[in-house]
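J.: Dropping in work_9.cif, with mmCIF, C-alpha atoms.
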```
data_model
#
loop_
_atom_site.label_atom_id
_atom_site.label_comp_id
_atom_site.auth_asym_id
_atom_site.auth_seq_id
_atom_site.Cartn_x
_atom_site.Cartn_y
_atom_site.Cartn_z
CA MET B 1 -177.49 180.08 -39.04
CA ARG B 2 -180.40 182.10 -40.42
CA GLN B 3 -179.75 180.84 -43.96
CA LYS B 4 -179.59 177.26 -42.76
CA ASP B 5 -182.82 177.63 -40.78
CA ASP B 6 -184.62 178.88 -43.90
CA LEU B 7 -183.77 175.68 -45.82
CA SER B 8 -185.89 172.54 -45.72
CA LEU B 9 -184.90 168.97 -46.55
CA ASN B 10 -187.51 168.21 -49.21
CA PHE B 11 -187.97 165.20 -51.47
CA TYR B 12 -186.09 166.89 -54.30
CA LEU B 13 -183.01 167.32 -52.12
CA LEU B 14 -183.31 163.73 -50.91
CA ARG B 15 -183.24 162.49 -54.50
CA CYS B 16 -180.27 164.74 -55.22
CA LEU B 17 -178.48 163.32 -52.18
CA VAL B 18 -178.98 159.74 -53.39
CA ALA B 19 -177.78 160.65 -56.89
CA LEU B 20 -174.68 162.45 -55.59
CA VAL B 21 -173.68 159.53 -53.38
CA ASP B 22 -174.35 156.95 -56.10
CA HIS B 23 -172.48 158.80 -58.87
CA SER B 24 -169.84 160.73 -56.87
CA GLN B 25 -169.90 163.51 -59.43
CA VAL B 26 -172.19 166.50 -59.88
CA THR B 27 -172.53 166.15 -63.67
CA ARG B 28 -173.39 162.44 -63.61
CA ALA B 29 -175.79 162.95 -60.72
CA ALA B 30 -177.52 165.74 -62.67
CA ASP B 31 -177.81 163.52 -65.75
CA ALA B 32 -179.33 160.73 -63.67
CA LEU B 33 -182.11 163.03 -62.46
CA ASP B 34 -182.40 164.84 -65.80
CA ILE B 35 -181.64 168.26 -64.29
CA SER B 36 -178.96 170.82 -65.13
CA GLN B 37 -175.47 170.72 -63.63
CA PRO B 38 -175.94 174.14 -61.96
CA ALA B 39 -179.19 172.92 -60.39
CA MET B 40 -177.40 169.89 -58.95
CA SER B 41 -174.57 172.14 -57.69
CA ARG B 42 -177.11 174.32 -55.89
CA ALA B 43 -178.73 171.22 -54.40
CA MET B 44 -175.37 169.99 -53.11
CA SER B 45 -174.68 173.40 -51.57
CA GLN B 46 -178.03 173.27 -49.79
CA LEU B 47 -177.40 169.71 -48.62
CA ARG B 48 -174.04 170.75 -47.22
CA GLN B 49 -175.67 173.54 -45.23
CA LEU B 50 -178.48 171.34 -43.94
CA THR B 51 -176.29 168.39 -42.96
CA SER B 52 -173.12 170.26 -41.95
CA ASP B 53 -171.30 167.77 -44.13
CA PRO B 54 -169.42 168.21 -47.45
CA ILE B 55 -171.30 165.21 -49.02
CA LEU B 56 -168.45 164.59 -51.51
CA VAL B 57 -164.74 164.97 -50.77
CA LYS B 58 -161.62 164.69 -52.91
CA ALA B 59 -159.77 161.38 -53.10
CA GLN B 60 -157.02 159.91 -55.29
CA VAL B 61 -159.58 158.63 -57.81
CA GLY B 62 -161.74 161.78 -57.85
CA LEU B 63 -164.61 162.50 -55.49
CA VAL B 64 -166.01 160.05 -52.94
CA PRO B 65 -169.03 160.33 -50.62
CA THR B 66 -168.43 160.94 -46.94
CA ALA B 67 -169.40 158.34 -44.36
CA LYS B 68 -172.21 160.61 -43.14
CA ALA B 69 -173.52 161.08 -46.68
CA MET B 70 -173.62 157.32 -47.23
CA GLN B 71 -175.54 156.89 -43.98
CA LEU B 72 -177.96 159.66 -44.96
CA ARG B 73 -178.48 157.96 -48.32
CA GLU B 74 -180.01 154.94 -46.60
CA PHE B 75 -182.46 157.14 -44.69
CA ALA B 76 -183.26 159.08 -47.86
CA LEU B 77 -183.98 155.92 -49.84
CA ARG B 78 -186.27 154.63 -47.12
CA ILE B 79 -188.25 157.90 -47.07
CA LEU B 80 -188.43 158.10 -50.87
CA HIS B 81 -189.49 154.48 -51.14
CA GLU B 82 -192.33 154.98 -48.68
CA MET B 83 -193.48 158.15 -50.43
CA ASP B 84 -193.26 156.46 -53.84
CA GLN B 85 -195.47 153.65 -52.58
CA LEU B 86 -197.98 156.14 -51.16
CA LEU B 87 -198.13 158.25 -54.31
CA GLY B 88 -198.12 155.21 -56.58
CA GLN B 89 -201.32 154.04 -54.90
CA ALA B 90 -202.94 157.45 -54.55
CA ILE B 91 -202.26 159.18 -57.87
CA ALA B 92 -204.09 158.00 -60.97
CA PHE B 93 -202.17 157.57 -64.22
CA ASP B 94 -203.90 158.40 -67.49
CA PRO B 95 -201.62 157.42 -70.38
CA GLU B 96 -203.75 159.34 -72.88
CA THR B 97 -203.00 162.68 -71.20
CA ALA B 98 -199.81 161.99 -69.21
CA ARG B 99 -196.37 163.18 -70.30
CA ARG B 100 -193.99 160.41 -69.27
CA ASN B 101 -190.64 159.11 -70.47
CA PHE B 102 -189.81 155.50 -69.58
CA ARG B 103 -186.10 154.69 -69.38
CA VAL B 104 -185.15 151.13 -70.33
CA VAL B 105 -181.72 149.48 -70.16
CA ALA B 106 -181.38 147.16 -73.16
CA THR B 107 -178.93 145.99 -75.81
CA ASP B 108 -179.39 146.84 -79.48
CA TYR B 109 -180.50 143.21 -79.98
CA LEU B 110 -183.51 143.75 -77.76
CA GLU B 111 -184.26 147.12 -79.35
CA CYS B 112 -184.57 145.35 -82.69
CA VAL B 113 -186.70 142.50 -81.39
CA PHE B 114 -189.45 144.31 -79.52
CA MET B 115 -188.84 148.05 -79.20
CA ASP B 116 -189.98 149.19 -82.65
CA PRO B 117 -193.57 147.86 -82.47
CA LEU B 118 -193.90 149.07 -78.87
CA VAL B 119 -192.75 152.63 -79.61
CA THR B 120 -194.80 152.79 -82.83
CA ARG B 121 -198.01 151.81 -81.07
CA LEU B 122 -197.35 154.12 -78.12
CA ALA B 123 -196.78 157.04 -80.49
CA GLN B 124 -200.06 156.33 -82.29
CA ASN B 125 -202.18 156.05 -79.15
CA TYR B 126 -200.40 157.94 -76.37
CA PRO B 127 -198.76 161.14 -77.69
CA GLY B 128 -197.23 162.11 -74.33
CA ILE B 129 -195.48 158.77 -73.73
CA SER B 130 -191.89 158.25 -74.90
CA VAL B 131 -189.13 155.69 -74.33
CA SER B 132 -185.39 156.22 -73.82
CA VAL B 133 -183.07 153.25 -74.26
CA CYS B 134 -179.93 153.25 -72.09
CA HIS B 135 -176.75 151.33 -72.86
CA PRO B 136 -176.24 148.05 -70.96
CA VAL B 137 -174.52 148.35 -67.59
CA HIS B 138 -172.40 145.96 -65.57
CA PRO B 139 -174.68 143.39 -63.86
CA ARG B 140 -173.44 144.45 -60.42
CA ASN B 141 -174.75 147.99 -61.10
CA LEU B 142 -178.28 147.03 -62.17
CA ASN B 143 -179.73 147.19 -58.68
CA GLN B 144 -178.31 150.67 -58.16
CA VAL B 145 -179.48 151.92 -61.57
CA LEU B 146 -183.05 150.80 -60.89
CA GLU B 147 -183.05 151.74 -57.22
CA SER B 148 -181.86 155.29 -57.89
CA GLY B 149 -184.39 155.86 -60.65
CA GLU B 150 -181.71 156.27 -63.31
CA ALA B 151 -183.70 153.68 -65.27
CA ASP B 152 -187.23 152.34 -64.88
CA PHE B 153 -186.72 148.87 -66.37
CA CYS B 154 -184.04 146.55 -67.69
CA VAL B 155 -184.49 143.97 -70.43
CA GLY B 156 -182.22 140.98 -70.88
CA MET B 157 -181.12 137.63 -69.54
CA LEU B 158 -181.39 137.86 -65.76
CA PRO B 159 -177.94 137.65 -64.14
CA PRO B 160 -177.80 135.59 -60.92
CA ALA B 161 -176.59 138.68 -59.03
CA VAL B 162 -179.94 140.45 -59.51
CA GLU B 163 -182.43 137.65 -58.91
CA ASP B 164 -183.87 139.67 -56.02
CA LEU B 165 -185.22 142.22 -58.51
CA ARG B 166 -188.83 141.93 -59.60
CA HIS B 167 -188.94 140.24 -63.00
CA ARG B 168 -191.07 138.41 -65.54
CA VAL B 169 -190.32 136.44 -68.69
CA ILE B 170 -191.26 138.40 -71.81
CA PHE B 171 -190.15 135.96 -74.51
CA ARG B 172 -187.97 132.95 -75.22
CA ASP B 173 -185.10 132.78 -77.69
CA ARG B 174 -182.39 130.39 -78.88
CA VAL B 175 -178.73 130.53 -79.84
CA ALA B 176 -178.10 130.65 -83.59
CA CYS B 177 -175.10 131.17 -85.84
CA ILE B 178 -174.92 133.22 -89.04
CA ALA B 179 -172.45 133.55 -91.88
CA ALA B 180 -172.33 135.03 -95.36
CA ASN B 181 -174.24 133.27 -98.13
CA GLY B 182 -171.84 130.86 -99.79
CA HIS B 183 -169.77 130.28 -96.66
CA ALA B 184 -168.41 126.74 -96.67
CA ALA B 185 -170.11 125.95 -93.34
CA VAL B 186 -173.63 126.84 -94.54
CA GLY B 187 -175.72 123.69 -95.00
CA GLN B 188 -173.03 121.47 -93.48
CA THR B 189 -173.10 119.33 -90.35
CA LEU B 190 -169.93 120.39 -88.58
CA SER B 191 -168.11 118.61 -85.79
CA PRO B 192 -167.52 120.63 -82.62
CA GLU B 193 -163.83 120.79 -83.60
CA ALA B 194 -164.62 122.19 -87.06
CA PHE B 195 -167.13 124.65 -85.65
CA ALA B 196 -164.69 125.94 -83.03
CA ALA B 197 -162.01 126.38 -85.69
CA LEU B 198 -164.11 128.83 -87.73
CA ASP B 199 -163.28 132.53 -87.52
CA HIS B 200 -165.75 133.87 -84.93
CA VAL B 201 -167.05 137.33 -84.18
CA VAL B 202 -167.89 137.48 -80.46
CA ILE B 203 -170.58 139.89 -79.30
CA LYS B 204 -169.88 141.20 -75.81
CA PRO B 205 -172.12 144.11 -74.73
CA THR B 206 -171.01 143.91 -71.07
CA VAL B 207 -168.80 141.51 -69.11
CA HIS B 208 -170.82 138.63 -70.52
CA ALA B 209 -170.54 137.56 -74.16
CA PHE B 210 -173.40 136.13 -76.16
CA GLY B 211 -172.53 132.51 -76.72
CA ASP B 212 -171.03 131.91 -73.28
CA ALA B 213 -173.14 128.73 -73.03
CA VAL B 214 -171.59 127.43 -76.26
CA ASP B 215 -168.10 128.28 -75.02
CA LYS B 216 -168.79 126.40 -71.79
CA ALA B 217 -169.93 123.31 -73.70
CA LEU B 218 -166.93 123.48 -76.01
CA SER B 219 -164.54 123.85 -73.08
CA GLN B 220 -165.87 120.60 -71.63
CA LEU B 221 -164.67 119.00 -74.85
CA GLY B 222 -161.29 120.68 -74.55
CA LEU B 223 -162.16 123.17 -77.33
CA ALA B 224 -162.41 126.94 -77.68
CA ARG B 225 -163.73 129.13 -80.45
CA HIS B 226 -161.16 130.80 -82.70
CA ILE B 227 -162.02 134.46 -82.04
CA ARG B 228 -161.18 136.85 -84.84
CA LEU B 229 -163.06 139.90 -83.52
CA THR B 230 -164.91 141.00 -80.36
CA THR B 231 -167.54 143.75 -80.54
CA PRO B 232 -170.11 145.20 -78.09
CA SER B 233 -172.69 145.70 -80.87
CA TYR B 234 -175.11 143.22 -82.38
CA LEU B 235 -176.04 145.59 -85.19
CA SER B 236 -172.51 145.84 -86.60
CA VAL B 237 -172.24 142.07 -87.05
CA PRO B 238 -174.08 141.60 -90.38
CA TYR B 239 -171.86 144.25 -91.99
CA LEU B 240 -168.76 142.58 -90.54
CA ILE B 241 -169.50 139.09 -91.79
CA GLU B 242 -171.44 139.69 -95.02
CA LYS B 243 -168.21 140.15 -97.02
CA THR B 244 -165.91 137.97 -94.90
CA GLY B 245 -165.45 134.37 -93.91
CA MET B 246 -166.35 135.02 -90.29
CA VAL B 247 -169.34 133.61 -88.40
CA ALA B 248 -171.18 134.88 -85.32
CA LEU B 249 -173.35 133.43 -82.59
CA MET B 250 -176.45 135.51 -81.90
CA PRO B 251 -180.09 135.20 -80.81
CA GLU B 252 -182.22 133.30 -83.29
CA SER B 253 -184.84 136.07 -83.41
CA LEU B 254 -182.20 138.56 -84.52
CA ALA B 255 -180.49 136.09 -86.87
CA GLN B 256 -183.77 135.64 -88.74
CA ARG B 257 -184.12 139.40 -89.21
CA PHE B 258 -180.56 139.74 -90.46
CA CYS B 259 -180.92 136.84 -92.91
CA GLU B 260 -184.00 138.56 -94.39
CA ARG B 261 -182.15 141.84 -94.95
CA PHE B 262 -178.58 140.82 -95.71
CA ALA B 263 -176.85 138.20 -97.82
CA LEU B 264 -176.56 135.89 -94.83
CA ALA B 265 -177.54 132.34 -93.89
CA THR B 266 -177.58 130.28 -90.72
CA VAL B 267 -174.91 127.76 -89.75
CA GLU B 268 -175.79 124.72 -87.67
CA VAL B 269 -174.38 124.88 -84.14
CA PRO B 270 -173.09 121.38 -83.23
CA ILE B 271 -173.93 121.90 -79.55
CA GLU B 272 -177.40 121.13 -78.19
CA LEU B 273 -178.57 124.03 -76.07
CA PRO B 274 -181.94 124.67 -74.44
CA PRO B 275 -183.76 127.92 -75.22
CA TYR B 276 -183.15 130.82 -72.86
CA ASP B 277 -185.56 133.32 -71.35
CA VAL B 278 -185.45 137.10 -71.78
CA TYR B 279 -186.79 139.09 -68.83
CA LEU B 280 -188.20 142.48 -68.05
CA TYR B 281 -187.02 143.43 -64.56
CA TRP B 282 -187.52 146.34 -62.22
CA HIS B 283 -186.99 147.43 -58.62
CA GLU B 284 -189.35 146.77 -55.73
CA ARG B 285 -189.70 150.50 -55.10
CA THR B 286 -191.65 150.98 -58.37
CA HIS B 287 -193.58 147.72 -58.29
CA HIS B 288 -196.87 149.36 -57.26
CA HIS B 289 -196.58 152.49 -59.38
CA ARG B 290 -199.55 152.78 -61.70
CA ASP B 291 -197.43 154.09 -64.60
CA HIS B 292 -194.96 151.22 -64.26
CA ILE B 293 -197.77 148.68 -64.11
CA TRP B 294 -199.24 150.18 -67.27
CA PHE B 295 -195.92 150.10 -69.13
CA LYS B 296 -195.37 146.44 -68.25
CA GLU B 297 -198.80 145.67 -69.66
CA GLN B 298 -197.91 147.48 -72.88
CA VAL B 299 -194.70 145.47 -73.29
CA MET B 300 -196.56 142.19 -72.86
CA LEU B 301 -199.36 143.30 -75.20
CA ASP B 302 -196.96 143.92 -78.06
CA LEU B 303 -195.11 140.65 -77.53
CA LYS B 304 -198.36 138.69 -77.51
CA SER B 305 -199.43 140.43 -80.71
CA ALA B 306 -196.09 139.59 -82.34
CA GLY B 307 -196.41 135.96 -81.28
#
```
Step by step, read the file and then write its structure as structure tokens.
T.:
Amino acid sequence: MRQKDDLSLNFYLLRCLVALVDHSQVTRAADALDISQPAMSRAMSQLRQLTSDPILVKAQVGLVPTAKAMQLREFALRILHEMDQLLGQAIAFDPETARRNFRVVATDYLECVFMDPLVTRLAQNYPGISVSVCHPVHPRNLNQVLESGEADFCVGMLPPAVEDLRHRVIFRDRVACIAANGHAAVGQTLSPEAFAALDHVVIKPTVHAFGDAVDKALSQLGLARHIRLTTPSYLSVPYLIEKTGMVALMPESLAQRFCERFALATVEVPIELPPYDVYLYWHERTHHHRDHIWFKEQVMLDLKSAG
């Protein structure tokens, strides 16, 4: 009992508790908080002593959080949220002297479109500020990723499942199609049937594929694209199609960049589609943080300069 009495449930342990429940594994929880695996193991041992609960228990699929741990997670999040709001208002943020890494969930498409000018300017003016790009996650996990602090922001097309997240439009894009120079479809006005019959590369970073809107329009005509290859990466596409007869739907902003650097050209898409919006979105718990407010301003500044 003496050892337990000497322990205190501090904010660090509360964050560790949330990470352990959310990730159900010590290593992943440690990665989420950017601490070592032994440090997370020690935190779990302390939490077990303080709560008289194992926190994680073995199951058929690995480890799962106990019912008590899940209940404690809700209390922990509430306390951390209130403290984050208090500190976000009270503590000044000076980007010229601060050391801060912002974690952003984005596809390689969005890295190409706006990340390079942002990071370049930040490096020139704010030596202690850095950016880490995380791989896209399943839309149903976005709330958890932002709520737990595993990421600070997400960039992309806002899925309906996360409309309750804070968000703002950062730019507008359109659907385009690219193929190798000399492809028979370049410069032609194709029918929907002829377009669907082409050999398509489908880009699918998560459960949603780019070009879903085109597929929906084609399906209403009783058509479907002839898919030759599916890939999660936008950046591999120009290499895949430059020497082949395949075509690929992709954002117009990225298609323009690829056509400037590779032997590629655009192909007319015989489906009228409105432009779509790309969002920056974040969790309510960080909405009033001065560092998050500053980073959002930097993102918009670079996009306005590019426009």
J.: Between CA of Tyr281 in chain B and CA of Gly211 in chain B, what distance in Å does the model show, to one decimal?
T.: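 Separation between CA of Tyr281 in chain B and CA of Gly211 in chain B: 21.8 Å.
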J.: Give as JSON, numbers by chain the residues that the PyMOL selection byres ((chain B and resi 129) around 6) matches when applied to the coordinates above.
T.: {"B": [99, 100, 101, 126, 127, 128, 130]}
J.: Once the PyMOL selection byres ((chain B and resi 280) around 7) has been evaluated on this model, what residues remain selected, and can you format them as a list of chain:residue names?
T.: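 For this structure, the PyMOL selection byres ((chain B and resi 280) around 7) captures B:Phe153, B:Cys154, B:Val155, B:Gly156, B:His167, B:Arg168, B:Val169, B:Ile170, B:Tyr279, B:Tyr281.
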J.: Grab the residues selected above and save them as a PDB file, in the coordinates of the input with C-alpha atoms.
T.:
```pdb
ATOM      1  CA  PHE B 153    -186.720 148.870 -66.370  1.00  0.00           C
ATOM      2  CA  CYS B 154    -184.040 146.550 -67.690  1.00  0.00           C
ATOM      3  CA  VAL B 155    -184.490 143.970 -70.430  1.00  0.00           C
ATOM      4  CA  GLY B 156    -182.220 140.980 -70.880  1.00  0.00           C
ATOM      5  CA  HIS B 167    -188.940 140.240 -63.000  1.00  0.00           C
ATOM      6  CA  ARG B 168    -191.070 138.410 -65.540  1.00  0.00           C
ATOM      7  CA  VAL B 169    -190.320 136.440 -68.690  1.00  0.00           C
ATOM      8  CA  ILE B 170    -191.260 138.400 -71.810  1.00  0.00           C
ATOM      9  CA  TYR B 279    -186.790 139.090 -68.830  1.00  0.00           C
ATOM     10  CA  TYR B 281    -187.020 143.430 -64.560  1.00  0.00           C
TER      11      TYR B 281
END
```
J.: Give me the residues within 10 Å of Asp215 in chain B as a list in words, counting only C-alpha atoms and dropping any in the same chain fewer than 6 places off.
T.: Ala196, Ala209, Leu221, Leu223, Ala224, Arg225 and Ile271 of chain B
J.: With the file shown as input, list the residues that the PyMOL selection byres ((chain B and resi 111-114) around 12) selects, as number ranges by chain.
T.: B: 104-110, 115-121, 131-136, 154-156, 170-173, 233-235, 251-258, 278, 280, 298-307
J.: In Å, rounded to a single decimal, give me how far CA of Ile79 in chain B is from CA of Leu9 in chain B.
T.: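 Value for the CA of Leu9 in chain B-CA of Ile79 in chain B distance: 11.6 Å.
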J.: Can you pull out every residue within 12 Å of Leu80 in chain B, counting only C-alpha atoms, but drop anything in the same chain fewer than 3 positions away, and send it as a ChimeraX atom specification?
T.: /B:10-18,73-77,83-88,147-149,285-286
J.: Go ahead and write the selection's residues with C-alpha atoms as an mmCIF file, keeping the file's coordinate frame.
T.:
```cif
data_model
loop_
_atom_site.group_PDB
_atom_site.id
_atom_site.type_symbol
_atom_site.label_atom_id
_atom_site.label_comp_id
_atom_site.auth_asym_id
_atom_site.auth_seq_id
_atom_site.Cartn_x
_atom_site.Cartn_y
_atom_site.Cartn_z
ATOM 1 C CA ASN B 10 -187.510 168.210 -49.210
ATOM 2 C CA PHE B 11 -187.970 165.200 -51.470
ATOM 3 C CA TYR B 12 -186.090 166.890 -54.300
ATOM 4 C CA LEU B 13 -183.010 167.320 -52.120
ATOM 5 C CA LEU B 14 -183.310 163.730 -50.910
ATOM 6 C CA ARG B 15 -183.240 162.490 -54.500
ATOM 7 C CA CYS B 16 -180.270 164.740 -55.220
ATOM 8 C CA LEU B 17 -178.480 163.320 -52.180
ATOM 9 C CA VAL B 18 -178.980 159.740 -53.390
ATOM 10 C CA ARG B 73 -178.480 157.960 -48.320
ATOM 11 C CA GLU B 74 -180.010 154.940 -46.600
ATOM 12 C CA PHE B 75 -182.460 157.140 -44.690
ATOM 13 C CA ALA B 76 -183.260 159.080 -47.860
ATOM 14 C CA LEU B 77 -183.980 155.920 -49.840
ATOM 15 C CA MET B 83 -193.480 158.150 -50.430
ATOM 16 C CA ASP B 84 -193.260 156.460 -53.840
ATOM 17 C CA GLN B 85 -195.470 153.650 -52.580
ATOM 18 C CA LEU B 86 -197.980 156.140 -51.160
ATOM 19 C CA LEU B 87 -198.130 158.250 -54.310
ATOM 20 C CA GLY B 88 -198.120 155.210 -56.580
ATOM 21 C CA GLU B 147 -183.050 151.740 -57.220
ATOM 22 C CA SER B 148 -181.860 155.290 -57.890
ATOM 23 C CA GLY B 149 -184.390 155.860 -60.650
ATOM 24 C CA ARG B 285 -189.700 150.500 -55.100
ATOM 25 C CA THR B 286 -191.650 150.980 -58.370
#
```
